[in-house]
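Worksheet: the structure to be examined is printed underneath.
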Amino acid sequence: TEGKPDFDGSRQATFPIYHYNGDWHEYTVPFESEEDLTRLRLDVGGRAGNVEISWIELANVNGLEAPWVEVPVAFHTQPSQPTLFQVRDEHGKPTMAAFIIRDEQGRVYPTQAKRLAPDFFFQPQIYRRDGESVRLPAGRYQVTCSRGPESVPEVQTLVVGIKPAKLSYQVRRWIDPSRRGWWSGDHHIHAAGCQHYSKPTEGVLPQDMARHIQGEDLKVGANLTWGPGFDHQKQFFSGKEDKVSLYPYLLRYDVEVSGFGSHESGHLCLLRLKNQIYPGGDSYQHWPTLGLNTLRWAKKQGAVCGPAHSANGLTNLTSQRVASRDGPNGLPSYAIPAYDGIGANECIVDVTHEVPGPDGSLVPAVDFISSMDTDRKAEWNIWYHVLNCGFRTRVSGETDFPCISGERVGLGRVYVKQKGRLTYDGWCEGIRAGRSYVSDGYHHLMDFAVNPLNAAGKIVAGKTVLLGEQNSEVRLARSGRIRLSAFVAARNSRAVQVPVEVVMNGYPIARKLIPADGKERQVTFEVGVPYSSWVALRIFPQAHTNPIFLIVKDKPIRSSRRSAEWCLRGVDQCWSQKQRFYRAAEQDDAKQAYNHARQVYQRILKECVAD
């Protein structure tokens with residue numbers, strides 16, 4: 001318009017162009033203007049092909065009584081040009097990266113509404129490998145280049161004229177945990193449902209998702225098939241790493257029990273499955289409604305299992321409390337949650353159970369609690385309480401892409417220590433063993449270790465325990481002191497320093513500030529161990545290690561009566577919410593499962609050594 005002579009992304013109307021087997025189709029595109037029009041711009045996007053425009057008519061819908069007047073409109077058509085990407089990693093080798101392209105008016109290219117996989121319409125970025133391209137009209141663009149949270153973002157200016165253009169980007173890292181053997185991964189990604197395309201292909205292909213994990217420098221991606229698109233997506237399950245994997249970027253299909261079966265009592269992530277469908281059918285309609293029954297089936301085949309988006313159902317609180325006061329930052333909290341959601345709800349029961357593994361020996365029904373994609377306090381709170389009762393449930397990191405977040409895969413991550421060649425099975429085993437830490441990718445707690453100290457305060461030779469090794473267990477003949485160490489790094493644009501805390505039995509007992517400058521540095525602490533306990537490091541709320549267990553005089557960890565009481569009341573509260581969702585044929589199983597949990601927590605409550 002005369003008052004706004006430049007095109008503005010806020011004054012645009014978007015419409016899809018359909019293919020009608022050669023037939024013509026009319027489109028009516030309404031838009032509002034408070035001033036007289038001077039120019040119109042029509043961007044024809046989508047897949048490559050020919051578009052023929054027969055006529056364009058402008059009509060003032062607010063002046064239908066006025067006579068029509070023909071107005072000549074001259075359109076100048078300009079073809080777009082390919083922009084070639086030259087993308088190299090920090091070693092100069094060809095790679096994949098993420099690019100956000102905006103013109104001078106701030107509009108994103110390619111237009112999101114017109115995108116088709118592998119470019120997703122719900123993200124501003126696209127992913128391009130070295131040698132690939134994108135078509136852009138002539139103009140000046142600002143391009144943000146990155147390759148996951150471990151890279152240093154770079155902003156470039158791109159000018160496109162009447163000839164093909166080129167953009168060169170070489171990744172710069174501020175940290176590389178894989179050099180220390182820590183391999184990043186996201187155990188909860190979807191290729192169908194939520195924000196994804198669902199028709200006509202029922203989701204996207206493995207090669208589409210592979211681009212995303214590579215472009216975000218996410219070493220392992222677990223594509224979990226769930227209710228939406230299950231019968232289409234199940235064809236990609238193979239029980240091994242998908243053929244589109246490009247080492248060390250591994251993609252594998254597994255299952256989330258979501259939208260079917262036991263989902264009402266808490267979604268379950270089932271990793272490292274050999275068979276993806278519960279016996280008795282070929283789809284998802286016949287699965288158990290009791291989560292524990294699903295876990296029995298999965299654990300028998302050696303799967304690594306845990307609840308998804310744990311805080312769902314644990315943030316709404318009842319009027320019940322075990323103690324009047326919560327810990328610092330509300331952790332631990334002693335208010336009883338409602339257990340009215342689809343997170344770690346039935347988990348409060350399932351952690352008390354052992355079920356047969358592949359060789360028939362008993363193994364924990366639950367291996368991990370998911371973290372990093374829902375309320376952090378609620379996620380870690382239930383985890384702290386079950387650890388205080390002596391259970392060795394680990395924590396893992398997930399995004400639930402693109403349901404909880406469609407921003408990018410790997411928004412929540414778990415870093416697993418694995419020696420030698422990275423494999424999906426070995427990576428899952430690291431989650432089970434607790435040889436891992438969770439992170440947002442910008443905060444790191446690597447090589448967490450515990451050393452017992454003698455009476456003189458010196459390290460006891462040969463007794464060092466590294467996280468995830470030797471069952472993560474330090475045995476002490478008596479109460480005493482230990483030395484903790486880790487290599488820590490943080491890159492935080494909103495803070496000059498970040499606190500590294502020692503957490504023992506759910507409470508922070510020591511703290512050091514480190515610069516958030518991206519540099520790796522070793523931190524050490526010395527703390528006392530009064531009785532059998534667990535200890536971990538955290539940067540709240542961005543990162544947390546798994547625990548190392550400190551066993552004094554061969555006694556089990558029974559560090560909090562209040563935690564045992566919190567868990568016991570949680571069983572009853574969970575039953576009040578979930579009992580109605582269990583199928584009639586499974587009601588007896590459910591009653592037995594919950595009664596078993598009550599008995600276990602009652603016994604633990606009597607054995608606790610501290611309030």
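Each chain of the structure tokens is named A, B, ... in the order shown, its residues numbered from 1; ligands are numbered from 1 in display order.
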Any idea what's packed within 12 Å of Thr77 (chain A), counting only C-alpha atoms, ignoring anything in its chain fewer than 3 positions away? Could you give it as a ChimeraX atom specification?
/A:40-44,53,74,80,137-138
DSSP on the backbone: what in region 196-412 of chain A comes out strand (DSSP E or B), as a ChimeraX atom specification?
/A:220-225,246,249-257,268-271,304-307,317-321,335-337,354-356,362-364,368-371,394-397,401
Write a file of the just-selected residues containing C-alpha atoms, as an mmCIF file, in the first residue's frame.
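part-v9.cif written:
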```
data_model
loop_
_atom_site.group_PDB
_atom_site.id
_atom_site.type_symbol
_atom_site.label_atom_id
_atom_site.label_comp_id
_atom_site.auth_asym_id
_atom_site.auth_seq_id
_atom_site.Cartn_x
_atom_site.Cartn_y
_atom_site.Cartn_z
ATOM 1 C CA VAL A 220 21.212 -41.793 18.575
ATOM 2 C CA GLY A 221 17.553 -41.297 17.742
ATOM 3 C CA ALA A 222 14.807 -43.693 18.857
ATOM 4 C CA ASN A 223 11.778 -43.370 16.571
ATOM 5 C CA LEU A 224 8.884 -44.657 18.661
ATOM 6 C CA THR A 225 5.819 -45.945 16.819
ATOM 7 C CA LEU A 246 25.083 -43.053 8.834
ATOM 8 C CA TYR A 249 24.301 -41.254 13.642
ATOM 9 C CA LEU A 250 22.054 -44.179 14.479
ATOM 10 C CA LEU A 251 18.295 -44.350 13.943
ATOM 11 C CA ARG A 252 16.172 -47.231 15.211
ATOM 12 C CA TYR A 253 12.448 -47.901 15.531
ATOM 13 C CA ASP A 254 10.876 -48.984 18.819
ATOM 14 C CA VAL A 255 7.510 -48.438 20.534
ATOM 15 C CA GLU A 256 5.756 -46.012 22.851
ATOM 16 C CA VAL A 257 2.618 -47.410 24.447
ATOM 17 C CA LEU A 268 5.763 -46.447 28.341
ATOM 18 C CA CYS A 269 8.897 -46.176 26.211
ATOM 19 C CA LEU A 270 9.957 -49.673 25.147
ATOM 20 C CA LEU A 271 13.511 -49.629 23.785
ATOM 21 C CA VAL A 304 14.985 -51.279 28.298
ATOM 22 C CA CYS A 305 11.821 -49.613 29.632
ATOM 23 C CA GLY A 306 10.542 -46.566 31.439
ATOM 24 C CA PRO A 307 7.667 -44.085 31.612
ATOM 25 C CA LEU A 317 -1.358 -31.732 43.676
ATOM 26 C CA THR A 318 -3.864 -33.063 46.182
ATOM 27 C CA SER A 319 -4.360 -31.578 49.633
ATOM 28 C CA GLN A 320 -2.302 -34.380 51.168
ATOM 29 C CA ARG A 321 1.242 -33.782 52.426
ATOM 30 C CA ALA A 335 2.849 -32.914 48.485
ATOM 31 C CA ILE A 336 1.008 -35.915 47.048
ATOM 32 C CA PRO A 337 0.362 -35.548 43.296
ATOM 33 C CA GLU A 354 10.844 -57.540 39.457
ATOM 34 C CA VAL A 355 9.892 -59.580 36.399
ATOM 35 C CA PRO A 356 11.598 -62.372 34.430
ATOM 36 C CA LEU A 362 14.385 -61.486 37.822
ATOM 37 C CA VAL A 363 15.113 -57.934 36.688
ATOM 38 C CA PRO A 364 13.553 -54.567 37.620
ATOM 39 C CA PHE A 368 14.487 -45.438 33.923
ATOM 40 C CA ILE A 369 12.310 -42.390 34.483
ATOM 41 C CA SER A 370 12.160 -39.971 31.551
ATOM 42 C CA SER A 371 13.237 -36.392 32.073
ATOM 43 C CA ARG A 394 17.869 -44.409 36.501
ATOM 44 C CA VAL A 395 17.002 -41.163 34.707
ATOM 45 C CA SER A 396 17.059 -40.677 30.933
ATOM 46 C CA GLY A 397 16.486 -37.709 28.615
ATOM 47 C CA PHE A 401 9.306 -34.711 19.275
#
```
Could you list, as a compact mmCIF listing (two decimals) with N, CA and C atoms, in the first residue's frame, every residue within 12 Å of Glu35 (chain A), counting only C-alpha atoms and ignoring same-chain residues fewer than 6 positions away?
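result36.txt, written as the output of this step:
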```
# COMPACT_ATOMS: atom_id res chain seq x y z
N THR A 1 0.85 -1.18 0.00
CA THR A 1 0.00 0.00 0.00
C THR A 1 0.89 1.24 0.00
N GLU A 2 0.27 2.41 -0.16
CA GLU A 2 1.06 3.64 -0.17
C GLU A 2 1.70 3.88 1.19
N GLY A 3 0.97 3.58 2.26
CA GLY A 3 1.53 3.81 3.60
C GLY A 3 2.59 2.81 3.99
N LYS A 4 2.51 1.60 3.44
CA LYS A 4 3.51 0.56 3.71
C LYS A 4 3.99 0.02 2.37
N PRO A 5 4.98 0.68 1.77
CA PRO A 5 5.38 0.35 0.41
C PRO A 5 6.13 -0.97 0.28
```
Residue contacts of Gly518 (chain A) (7 Å, only C-alpha atoms) excluding same-chain residues fewer than 6 positions away, as a ChimeraX atom specification:
/A:174,489-491
Can I get the selection written as a PDB file, in the first residue's frame, with N, CA, C and O atoms?
```pdb
ATOM      1  N   TRP A 174      31.875 -25.809  20.529  1.00  0.00           N
ATOM      2  CA  TRP A 174      32.397 -25.339  21.806  1.00  0.00           C
ATOM      3  C   TRP A 174      32.662 -26.520  22.747  1.00  0.00           C
ATOM      4  O   TRP A 174      33.380 -26.375  23.729  1.00  0.00           O
ATOM      5  N   ALA A 489      31.107 -28.504  31.996  1.00  0.00           N
ATOM      6  CA  ALA A 489      31.146 -27.398  31.046  1.00  0.00           C
ATOM      7  C   ALA A 489      29.736 -26.869  30.854  1.00  0.00           C
ATOM      8  O   ALA A 489      28.760 -27.627  30.900  1.00  0.00           O
ATOM      9  N   ALA A 490      29.632 -25.560  30.628  1.00  0.00           N
ATOM     10  CA  ALA A 490      28.325 -24.935  30.398  1.00  0.00           C
ATOM     11  C   ALA A 490      28.500 -23.761  29.460  1.00  0.00           C
ATOM     12  O   ALA A 490      29.494 -23.029  29.531  1.00  0.00           O
ATOM     13  N   ARG A 491      27.536 -23.605  28.580  1.00  0.00           N
ATOM     14  CA  ARG A 491      27.498 -22.430  27.699  1.00  0.00           C
ATOM     15  C   ARG A 491      26.099 -21.852  27.804  1.00  0.00           C
ATOM     16  O   ARG A 491      25.138 -22.400  27.258  1.00  0.00           O
TER      17      ARG A 491
END
```
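Closest to Val552 (chain A) among A:Asp8, A:Glu264, A:Glu586, A:Glu473 is A:Glu473, based on only C-alpha atoms.
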For the structure I just gave you, how does DSSP split region 241-346 of chain A - specifically, which residues are helix (DSSP H, G or I)? Reply as a VMD selection string.
chain A and resid 261 to 265 291 to 300 328 to 330
Suppose we keep N, CA, C and O atoms; can you now write the selection as a short mmCIF file (atom, residue, chain, number, x, y, z; two decimals), in the first residue's frame?
```cif
data_model
loop_
_atom_site.label_atom_id
_atom_site.label_comp_id
_atom_site.auth_asym_id
_atom_site.auth_seq_id
_atom_site.Cartn_x
_atom_site.Cartn_y
_atom_site.Cartn_z
N GLY A 261 -3.66 -49.57 24.75
CA GLY A 261 -3.19 -50.41 25.85
C GLY A 261 -3.23 -49.71 27.19
O GLY A 261 -4.24 -49.14 27.60
N SER A 262 -2.09 -49.70 27.86
CA SER A 262 -2.00 -49.19 29.23
C SER A 262 -1.73 -47.69 29.29
O SER A 262 -1.32 -47.18 30.34
N HIS A 263 -1.96 -46.99 28.20
CA HIS A 263 -1.55 -45.59 28.14
C HIS A 263 -2.24 -44.71 29.18
O HIS A 263 -1.67 -43.70 29.62
N GLU A 264 -3.44 -45.06 29.63
CA GLU A 264 -4.15 -44.23 30.59
C GLU A 264 -3.43 -44.17 31.94
O GLU A 264 -3.56 -43.20 32.69
N SER A 265 -2.67 -45.21 32.26
CA SER A 265 -1.96 -45.22 33.54
C SER A 265 -0.51 -44.78 33.40
O SER A 265 0.28 -44.89 34.34
N GLY A 291 -0.02 -51.50 32.89
CA GLY A 291 1.34 -51.27 32.41
C GLY A 291 2.30 -52.37 32.79
O GLY A 291 3.20 -52.74 32.01
N LEU A 292 2.14 -52.93 33.98
CA LEU A 292 3.04 -53.98 34.44
C LEU A 292 3.00 -55.20 33.53
O LEU A 292 4.03 -55.85 33.30
N ASN A 293 1.83 -55.52 32.99
CA ASN A 293 1.74 -56.66 32.07
C ASN A 293 2.49 -56.38 30.77
O ASN A 293 3.11 -57.28 30.19
N THR A 294 2.44 -55.14 30.29
CA THR A 294 3.23 -54.77 29.12
C THR A 294 4.72 -54.88 29.44
O THR A 294 5.51 -55.37 28.62
N LEU A 295 5.12 -54.42 30.61
CA LEU A 295 6.53 -54.48 31.00
C LEU A 295 7.01 -55.92 31.11
O LEU A 295 8.15 -56.23 30.74
N ARG A 296 6.17 -56.82 31.61
CA ARG A 296 6.56 -58.24 31.70
C ARG A 296 6.91 -58.79 30.31
O ARG A 296 7.90 -59.51 30.15
N TRP A 297 6.09 -58.43 29.33
CA TRP A 297 6.33 -58.90 27.95
C TRP A 297 7.61 -58.29 27.39
O TRP A 297 8.43 -58.97 26.79
N ALA A 298 7.79 -56.99 27.59
CA ALA A 298 8.96 -56.30 27.03
C ALA A 298 10.25 -56.75 27.70
O ALA A 298 11.26 -56.99 27.02
N LYS A 299 10.25 -56.88 29.01
CA LYS A 299 11.48 -57.25 29.72
C LYS A 299 11.89 -58.68 29.40
O LYS A 299 13.08 -59.01 29.43
N LYS A 300 10.94 -59.52 29.06
CA LYS A 300 11.26 -60.92 28.72
C LYS A 300 12.11 -60.97 27.46
O LYS A 300 12.91 -61.89 27.28
N PRO A 328 14.95 -27.30 49.12
CA PRO A 328 15.28 -26.12 48.32
C PRO A 328 14.79 -26.25 46.88
O PRO A 328 14.86 -27.33 46.29
N ASN A 329 14.26 -25.16 46.32
CA ASN A 329 13.69 -25.17 44.97
C ASN A 329 12.54 -26.16 44.82
O ASN A 329 12.23 -26.60 43.72
N GLY A 330 11.92 -26.53 45.96
CA GLY A 330 10.80 -27.46 45.91
C GLY A 330 11.20 -28.90 45.69
O GLY A 330 10.36 -29.73 45.33
#
```
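Interatomic distance, CA of Tyr141 (chain A) to CA of Met96 (chain A): 20.3 Å.
The two atoms in question, CA of Thr289 (chain A) and CA of Glu565 (chain A), are spaced 26.9 Å apart.
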Got a sec: who's within 8 Å of region 570-572 of chain A, counting only C-alpha atoms, leaving out chain neighbours fewer than 4 positions off, as a CSV table (one decimal) with N, CA, C and O atoms, in the first residue's frame?
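File written: part11.csv
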```
chain,number,residue,atom,x,y,z
A,336,ILE,N,1.4,-34.7,47.8
A,336,ILE,CA,1.0,-35.9,47.0
A,336,ILE,C,0.4,-35.5,45.7
A,336,ILE,O,-0.6,-34.8,45.7
A,337,PRO,N,0.9,-35.9,44.6
A,337,PRO,CA,0.4,-35.5,43.3
A,337,PRO,C,-1.0,-36.2,43.1
A,337,PRO,O,-1.3,-37.2,43.7
A,339,TYR,N,-1.8,-37.9,40.3
A,339,TYR,CA,-1.6,-39.1,39.5
A,339,TYR,C,-2.8,-39.2,38.5
A,339,TYR,O,-3.4,-40.3,38.3
A,348,ILE,N,4.9,-45.6,40.1
A,348,ILE,CA,5.1,-45.6,41.5
A,348,ILE,C,4.8,-47.1,42.0
A,348,ILE,O,5.4,-47.5,43.1
A,349,VAL,N,4.1,-47.8,41.3
A,349,VAL,CA,3.8,-49.2,41.6
A,349,VAL,C,4.8,-50.1,40.9
A,349,VAL,O,5.4,-51.0,41.6
A,566,TRP,N,5.6,-41.0,51.3
A,566,TRP,CA,5.2,-40.3,50.0
A,566,TRP,C,4.9,-41.3,49.0
A,566,TRP,O,3.8,-41.3,48.3
A,576,SER,N,-6.7,-44.8,43.0
A,576,SER,CA,-8.0,-44.1,42.9
A,576,SER,C,-8.3,-43.5,41.5
A,576,SER,O,-9.4,-43.3,41.1
A,594,TYR,N,-0.8,-53.6,42.9
A,594,TYR,CA,-0.8,-52.4,43.8
A,594,TYR,C,-0.6,-52.9,45.3
A,594,TYR,O,0.0,-52.2,46.0
A,597,ALA,N,3.0,-53.4,45.9
A,597,ALA,CA,3.7,-52.2,46.1
A,597,ALA,C,3.4,-51.6,47.5
A,597,ALA,O,4.4,-51.1,48.1
A,598,ARG,N,2.2,-51.7,48.0
A,598,ARG,CA,1.9,-51.2,49.3
A,598,ARG,C,2.7,-52.0,50.4
A,598,ARG,O,3.3,-51.4,51.3
```
Residues at most 6 Å from Arg173 (chain A), counting only C-alpha atoms, excluding those fewer than 2 positions away in the same chain, as a PDB file with N, CA and C atoms, in the first residue's frame?
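result-v5.pdb written:
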```pdb
ATOM      1  N   GLU A 150      25.780 -28.283  20.675  1.00  0.00           N
ATOM      2  CA  GLU A 150      27.226 -28.341  20.904  1.00  0.00           C
ATOM      3  C   GLU A 150      28.002 -27.496  19.894  1.00  0.00           C
ATOM      4  N   SER A 151      27.297 -26.868  18.953  1.00  0.00           N
ATOM      5  CA  SER A 151      27.944 -26.019  17.959  1.00  0.00           C
ATOM      6  C   SER A 151      27.778 -24.550  18.337  1.00  0.00           C
ATOM      7  N   VAL A 152      28.615 -23.707  17.726  1.00  0.00           N
ATOM      8  CA  VAL A 152      28.504 -22.262  17.899  1.00  0.00           C
ATOM      9  C   VAL A 152      27.705 -21.719  16.715  1.00  0.00           C
ATOM     10  N   ILE A 175      32.110 -27.704  22.399  1.00  0.00           N
ATOM     11  CA  ILE A 175      32.353 -28.917  23.181  1.00  0.00           C
ATOM     12  C   ILE A 175      32.049 -30.126  22.318  1.00  0.00           C
TER      13      ILE A 175
END
```
Contacts of region 475-480 of chain A at 10 Å or less, counting only C-alpha atoms, minus same-chain residues fewer than 6 places along, as an MDAnalysis selection string?
chainID A and resid 452:455 457 463 465 527:532 549:555
Would you please work out which residue, of A:Thr38, A:Asn345, A:Asn381, A:Thr393, is nearest to Gly327 (chain A) when using only C-alpha atoms?
A:Asn381
Counting only C-alpha atoms, give me one row per residue of region 340-434 of chain A with an atom at most 9 Å from an atom of region 538-544 of chain A, showing the shortest contact pair and its distance in Å to one decimal, sorted by chain then residue number, as a tab-separated table.
```
residue	atom	partner	partner_atom	distance
A:Met372	CA	A:Gln542	CA	7.9
A:Arg376	CA	A:Pro541	CA	6.6
A:Lys377	CA	A:Pro541	CA	8.1
A:Val395	CA	A:His544	CA	8.5
```
